[in-house]
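The structure under discussion appears below in the form of structure tokens.
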Amino acid sequence: MQGNIIFVDYELSSWKYQNHSKSSKYAKYLTGQLSPVKSRAILIKRGYVFPQQEEKGMGSAYGGEWKPKKPDDERFIGKPGEIKTTKDKNGNLRLTKIGEDGKAVSERHFSDHGYPRHHSIPHDHELVWEHNHFHWGDTKNYWDGNVPEFKQYGGNDMDTIFPACNTLEDDRFESIEEFKDCIGRGDEIEFEWKGVHFGMSGCQPKPEHRIMAYLWNQPDTEQYFDTPDDALEYIVAGDRLRDIITQIDVLSRAF
């Protein structure tokens with residue numbers, strides 16, 4: 001047998017959630033109000049597992065311990081209290097703070113991600129862990145220039161490391177579902193198609209709180225989308241993103 005193990009949240013597969021409305025725990029789980037990754041929901045029926053079905057008896061593929069999938073993911077785990085210093089593909093510094101449980105709790109970026117109106121340099125992201133997966137929480141910008149110290153926990157020394165960045169193949173989206181998982185967790189993605197440079201962010205602050213797509217370093221080109229599926233309809237150099245998502249060159253992504 002080959003393949004990845006799928007961890008199932010059997011509570012959400014129980015009879016209790018089979019007929020609930022959109023206000024239920026079951027529906028909130030699917031729509032991202034309890035968890036941002038809609039594609040992790042699964043259906044258990046007659047001994048089989050069916051992905052991406054929004055029907056009765058659904059469970060969740062959340063569970064199990066999160067493990068780094070790509071080289072750059074290693075920065076999200078470490079010694080409790082340490083701060084890891086790394087660089088993205090563009091050479092921009094990142095500081096990742098590890099919490100008491102050995103998982104990252106916040107990250108500071110020294111980049112505006114190609115859209116300075118929405119990101120100060122530096123800016124911070126909270127990391128929110130749910131069901132052993134994380135997503136970007138609130139973004140903290142420092143427009144007045146008063147940047148607080150990025151304090152560590154427990155007196156551990158800062159761990160300065162510069163690991164090999166992910167290759168283009170490491171960061172390439174293998175499927176539509178992988179993209180939806182990534183942008184649904186609030187990632188900031190930099191990519192290129194037909195020689196045109198784009199950015200996309202799933203962690204926009206209020207009042208938008210939506211997914212934003214834009215031409216890199218070109219103000220007033222942004223377009224907003226309510227869901228990852230909507231974002232896949234974005235027109236990229238004449239092509240629909242949904243049709244080319246596995247072919248674009250992903251220059252940068254956080255996870």
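Chains: A, B, ... in order of the structure tokens. Residues: from 1 per chain. Ligands: from 1, in order shown.
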
Query - All residues 9 Å or closer to region 112-121 of chain A, only C-alpha atoms, same chain fewer than 6 positions away omitted, as a count of residues only - result: 21

**Report entry** Who sits within 7 Å of Asp187 (chain A), only C-alpha atoms, same chain under 5 positions skipped, as a PyMOL selection string
**Finding:** chain A and resi 136+182+201-203+253-254

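Proximity ranking of A:Asn132, A:Leu232, A:Phe110, A:Asp101 relative to Lys67 (chain A) places A:Asn132 first, based on only C-alpha atoms.
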
Query - Long-range neighbours of Lys79 (chain A) as a PyMOL selection string, 9 Å cut-off, only C-alpha atoms, 4 positions minimum in chain - result: chain A and resi 83+98-103+156

Mind dumping the selected residues with all heavy atoms as a PDB file, in the first residue's frame?
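Saved result, result33.pdb, follows:
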ATOM      1  N   ILE A  83      14.149  31.823  18.577  1.00  0.00           N
ATOM      2  CA  ILE A  83      13.740  32.584  17.407  1.00  0.00           C
ATOM      3  C   ILE A  83      14.636  32.162  16.250  1.00  0.00           C
ATOM      4  O   ILE A  83      15.855  32.281  16.324  1.00  0.00           O
ATOM      5  CB  ILE A  83      13.850  34.101  17.640  1.00  0.00           C
ATOM      6  CG1 ILE A  83      12.837  34.537  18.702  1.00  0.00           C
ATOM      7  CG2 ILE A  83      13.592  34.859  16.337  1.00  0.00           C
ATOM      8  CD1 ILE A  83      12.915  36.007  19.051  1.00  0.00           C
ATOM      9  N   ILE A  98       9.346  30.501  18.205  1.00  0.00           N
ATOM     10  CA  ILE A  98       8.843  29.183  18.591  1.00  0.00           C
ATOM     11  C   ILE A  98       8.252  29.251  19.991  1.00  0.00           C
ATOM     12  O   ILE A  98       8.866  29.788  20.921  1.00  0.00           O
ATOM     13  CB  ILE A  98       9.975  28.130  18.557  1.00  0.00           C
ATOM     14  CG1 ILE A  98      10.665  28.135  17.182  1.00  0.00           C
ATOM     15  CG2 ILE A  98       9.425  26.747  18.880  1.00  0.00           C
ATOM     16  CD1 ILE A  98       9.768  27.809  16.019  1.00  0.00           C
ATOM     17  N   GLY A  99       7.055  28.725  20.151  1.00  0.00           N
ATOM     18  CA  GLY A  99       6.361  28.763  21.428  1.00  0.00           C
ATOM     19  C   GLY A  99       6.753  27.637  22.361  1.00  0.00           C
ATOM     20  O   GLY A  99       7.655  26.834  22.078  1.00  0.00           O
ATOM     21  N   GLU A 100       6.051  27.579  23.470  1.00  0.00           N
ATOM     22  CA  GLU A 100       6.382  26.622  24.521  1.00  0.00           C
ATOM     23  C   GLU A 100       6.218  25.170  24.091  1.00  0.00           C
ATOM     24  O   GLU A 100       6.817  24.284  24.678  1.00  0.00           O
ATOM     25  CB  GLU A 100       5.528  26.899  25.758  1.00  0.00           C
ATOM     26  CG  GLU A 100       5.804  28.258  26.396  1.00  0.00           C
ATOM     27  CD  GLU A 100       4.915  28.527  27.586  1.00  0.00           C
ATOM     28  OE1 GLU A 100       3.974  27.720  27.811  1.00  0.00           O
ATOM     29  OE2 GLU A 100       5.135  29.531  28.278  1.00  0.00           O
ATOM     30  N   ASP A 101       5.385  24.917  23.090  1.00  0.00           N
ATOM     31  CA  ASP A 101       5.155  23.541  22.640  1.00  0.00           C
ATOM     32  C   ASP A 101       6.043  23.149  21.467  1.00  0.00           C
ATOM     33  O   ASP A 101       5.866  22.082  20.875  1.00  0.00           O
ATOM     34  CB  ASP A 101       3.686  23.340  22.274  1.00  0.00           C
ATOM     35  CG  ASP A 101       3.229  24.264  21.146  1.00  0.00           C
ATOM     36  OD1 ASP A 101       4.043  25.101  20.698  1.00  0.00           O
ATOM     37  OD2 ASP A 101       2.065  24.142  20.712  1.00  0.00           O
ATOM     38  N   GLY A 102       7.010  24.015  21.108  1.00  0.00           N
ATOM     39  CA  GLY A 102       7.910  23.694  20.016  1.00  0.00           C
ATOM     40  C   GLY A 102       7.374  24.045  18.642  1.00  0.00           C
ATOM     41  O   GLY A 102       8.005  23.706  17.632  1.00  0.00           O
ATOM     42  N   LYS A 103       6.241  24.751  18.582  1.00  0.00           N
ATOM     43  CA  LYS A 103       5.654  25.165  17.309  1.00  0.00           C
ATOM     44  C   LYS A 103       5.667  26.691  17.219  1.00  0.00           C
ATOM     45  O   LYS A 103       5.546  27.385  18.228  1.00  0.00           O
ATOM     46  CB  LYS A 103       4.209  24.657  17.197  1.00  0.00           C
ATOM     47  CG  LYS A 103       4.088  23.143  17.210  1.00  0.00           C
ATOM     48  CD  LYS A 103       2.627  22.733  17.183  1.00  0.00           C
ATOM     49  CE  LYS A 103       2.479  21.213  17.240  1.00  0.00           C
ATOM     50  NZ  LYS A 103       1.052  20.793  17.283  1.00  0.00           N
ATOM     51  N   ASN A 156      16.090  31.510  25.821  1.00  0.00           N
ATOM     52  CA  ASN A 156      16.907  30.762  24.870  1.00  0.00           C
ATOM     53  C   ASN A 156      17.583  31.704  23.882  1.00  0.00           C
ATOM     54  O   ASN A 156      17.075  32.784  23.578  1.00  0.00           O
ATOM     55  CB  ASN A 156      16.052  29.754  24.088  1.00  0.00           C
ATOM     56  CG  ASN A 156      15.659  28.564  24.931  1.00  0.00           C
ATOM     57  OD1 ASN A 156      16.322  28.247  25.903  1.00  0.00           O
ATOM     58  ND2 ASN A 156      14.568  27.910  24.558  1.00  0.00           N
TER      59      ASN A 156
END

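Within region 63-193 of chain A, the backbone-based DSSP assignment of helix (DSSP H, G or I) covers Pro71, Asp72, Asp73, Glu74, Arg75, Phe76, Leu168, Glu169, Asp170, Asp171, Ile176, Glu177, Glu178, Phe179, Lys180, Asp181, Cys182, Ile183 and Gly184 of chain A.
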
Query raised in the report: Any idea what the distance is between CA of Phe134 (chain A) and CA of Arg185 (chain A)?
Result: 7.2 Å

Requested in this report: Using only C-alpha atoms, determine which residues lie at most 9 Å from Thr227 (chain A), disregarding the query and same-chain residues fewer than 5 positions distant; provide the list as JSON, numbers by chain.
Outcome: {"A": [180, 184, 210, 211, 232]}

Requested in this report: Record the distance separating CA of Asp144 (chain A) and CA of Phe191 (chain A), expressed in Å with one decimal.
Outcome: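 Atom-to-atom, CA of Asp144 (chain A) and CA of Phe191 (chain A) are spaced 29.8 Å apart.
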